[in-house]
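All remarks here apply to the structure that follows.
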Amino acid sequence: MSKSPKSKKKTGAGRAPGWLNWFYILLIVGLVYMMFTPGTSGPVKKEWVDVKTQILPEGYVDKIVYVRNQRRGEIHLNSAGVDRYKDQFTGKIPKSGPHFYFLVTENFDAETEFESIRNTLPEARQYKIVVDEHINYWGKVLDWLLFPLILIAMWFIMFRPMRNMGGGGGGGIGGVFNVGKSQAKMYDKSGGQKVTFKDVAGLEEAKVEVKEIVDFLKNPKKYTALGGKIPKGALLVGPPGTGKTLLAKAVAGEANVPFFSISGSDFVEMFVGVGASRVRDLFRQAKEKAPCIVFIDEIDAIGQKRSTGAGLGGNDEREQTLNQLLTEMDGFEGNSGVIILAATNRPESLDPALTRPGRFDRRVPVELPDLKGREAILKVHAKKIKYDEKVDFEKVARMASGASGAELANIVNEAALRAVRAGRSFADQTDFEESIEVVIAGYQKKNAILTDQEKKVVAYHEIGHALVAAKQTHSAPVQKITIIPRTSGALGYTLQVEEGNHYLMTKEEIENRIATLTGGRAAEEVVFGTVTTGASNDIEQATKLARAMITRYGMSDDFGMVAMETVQNQYLGGDTTLACSAQTQAKIDEQVVALVGKQHEKAVSILRENREKLDQLASYLYEKETITGDEFMNILERP
């Protein structure tokens, strides 16, 4: 029975063996060491006058050598001279010399000068005289070759990866440190725990949109048999934290295909052409792994609208990267099996060529979850912790109105941490409700000690909000009132919770909301006859609502259904820009002031009519510091 020969370990085509890498490294280290390591100290320069009058007469010179073609004299000291002049050397003193040197003019008669000085000295101080011509060839060669050798060694190490690629893939500068290689991370179906649609809650509409992509990757023939083409790209659009990246991973998990993930900023580097090179390399890898999914997060980093002028610097590099991306997306065959998903919260900034049909054909909105969606998200994340079975997730979801998926995950985590701090083995309803306050308003600021007067003012301020809200129709019920300071800077707050999903607001509802916001300042005026700085956030919100009614919602009799204001970055704070004349803007300001003032007067009127309940509720809140909505309504409805 013959034995198969042992397989030899291959180094790969064009790849240098490992020992050569170590040789390059050791060569550089050695050369740098020779250049910068202080070795034996060289000869110290002296003037001929000092040599003639001091060094030679003292008798410490063993030999003096004069190099005629260099007009250079070299002094070799004896052992006593070395000890005598040791303080004049910076490094290690050379044993055999020369120790000093001096330079002379062209007319210097070395033999005569040296003989005349030696003849004046006693025999004990005599020295040898040598006149010669020589050149230190090795020193000159080393000086000229040392730096080039270092450069050559560095060139071999840096550029060898490019040579090994055989000119393909990276291209150009891409070989240096592989900067032109794609930075995408690939999640293969064989590695790790995959994410499926079961792990994504609260995005039912978005999941329906992308399920067709999953079906195509699983059964492509069903579509190609009819001549249909699946969209080449799908753009996930929505506010931060709503689950765009998670949804993309779920698509890859359901389709059971490789998943390439990369951020838009990973394409951009300081080197010109690197972004385009990385785009080419990414799509090359994707085609090799097809069918697969390529996910580009924050695509607005490279996909912003191109400028009309000539680009310069980083802007020009970004546009080159975008141009390459557009080319790669248009270069696909319909049945290549590569699907591109991208996410952004700034869709208005994307270049139209990127969002046209044939590239990102489908736009999938990933919005903030509604009440049912928030409840489902809470239950998904609650599976990872221990909690009381009596926890009412619907109530928690109602209290967390407007929260994103990421914030809901944080709420569940904060509930678990609060239970641990309290020494319990599971999280209960109180932990979940308190965690909402932590996410919204921050932790309780226990070191913020209010004076009795400040505490009283804050109590009246918060009760003013709650009382004005309760005495108006179409206002959300009060859920909780507290005067405990928070790390966000709030000295107290009033939490109102809508009964159900609320998508539209009438003019009357917005006006009531403005009146509720002014209720805190109104309570200070009614009770104390003065005002404080505690209403700054209320004033800001009331002004925004009033201005939106006039400029965006068409709720003004003077302007009617005319948009005076446009919204930019609707998913990132909703920045607005006025598009009207200065005279119109002045009229808008007047109407905003009048609208807020009218609702403020309404709030003052409500509080004066219910002054007794205002005092009663404020005293109760001052004592308890935190009261529930039920406690508030019981006292308010008590005869």
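Chain lettering (A, B, ...) mirrors the order of the structure tokens, residue numbering begins at 1 for each chain separately, and ligand numbering begins at 1 in order of display.
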Could you produce a table of the residues of segment 409-518 of chain A lying within 10 Å of segment 591-604 of chain A, with the nearest pair of atoms per residue and their separation in Å rounded to one decimal, using only C-alpha atoms, ordered by chain and increasing residue number, as a Markdown table?
```
| residue | atom | partner | partner_atom | distance |
| --- | --- | --- | --- | --- |
| A:Gly464 | CA | A:Ala603 | CA | 8.4 |
| A:His465 | CA | A:Ala603 | CA | 8.9 |
| A:Leu467 | CA | A:Ala603 | CA | 9.2 |
| A:Val468 | CA | A:Ala603 | CA | 6.1 |
| A:Ala469 | CA | A:Ala603 | CA | 9.2 |
| A:Lys471 | CA | A:Ala603 | CA | 9.6 |
| A:Gln472 | CA | A:Ala603 | CA | 9.8 |
| A:Glu511 | CA | A:Gln599 | CA | 6.8 |
| A:Asn512 | CA | A:Gln599 | CA | 7.6 |
| A:Arg513 | CA | A:Gln599 | CA | 9.1 |
| A:Ile514 | CA | A:Gln599 | CA | 6.4 |
| A:Ala515 | CA | A:Gln599 | CA | 4.7 |
| A:Thr516 | CA | A:Ala603 | CA | 7.1 |
| A:Leu517 | CA | A:His600 | CA | 8.6 |
| A:Thr518 | CA | A:His600 | CA | 5.5 |
```
Within 10 Å of segment 367-383 of chain A, counting only C-alpha atoms, which residues qualify if same-chain residues fewer than 3 places away don't, as a VMD selection string? chain A and resid 198 to 206 236 to 244 364 386 to 387 392 to 406 408 to 413 415 to 416 427 499 to 503 571
I want to know what sits within 7 Å of segment 618-626 of chain A, based on only C-alpha atoms, with residues of the same chain fewer than 2 positions away left out; could you give that as a list in words?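 That gives Lys455, Lys456, Ala459, Tyr460, Ile463, Ile481, Thr482, Ile483, Ile484, Leu614, Asp615, Gln616 and Thr628 of chain A.
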Backbone-only DSSP, alpha helix (DSSP H) members of segment 214-437 of chain A, as a ChimeraX atom specification: /A:214-218,220-224,244-255,274-289,300-303,313-330,352-355,371-382,393-399,405-421,429-437
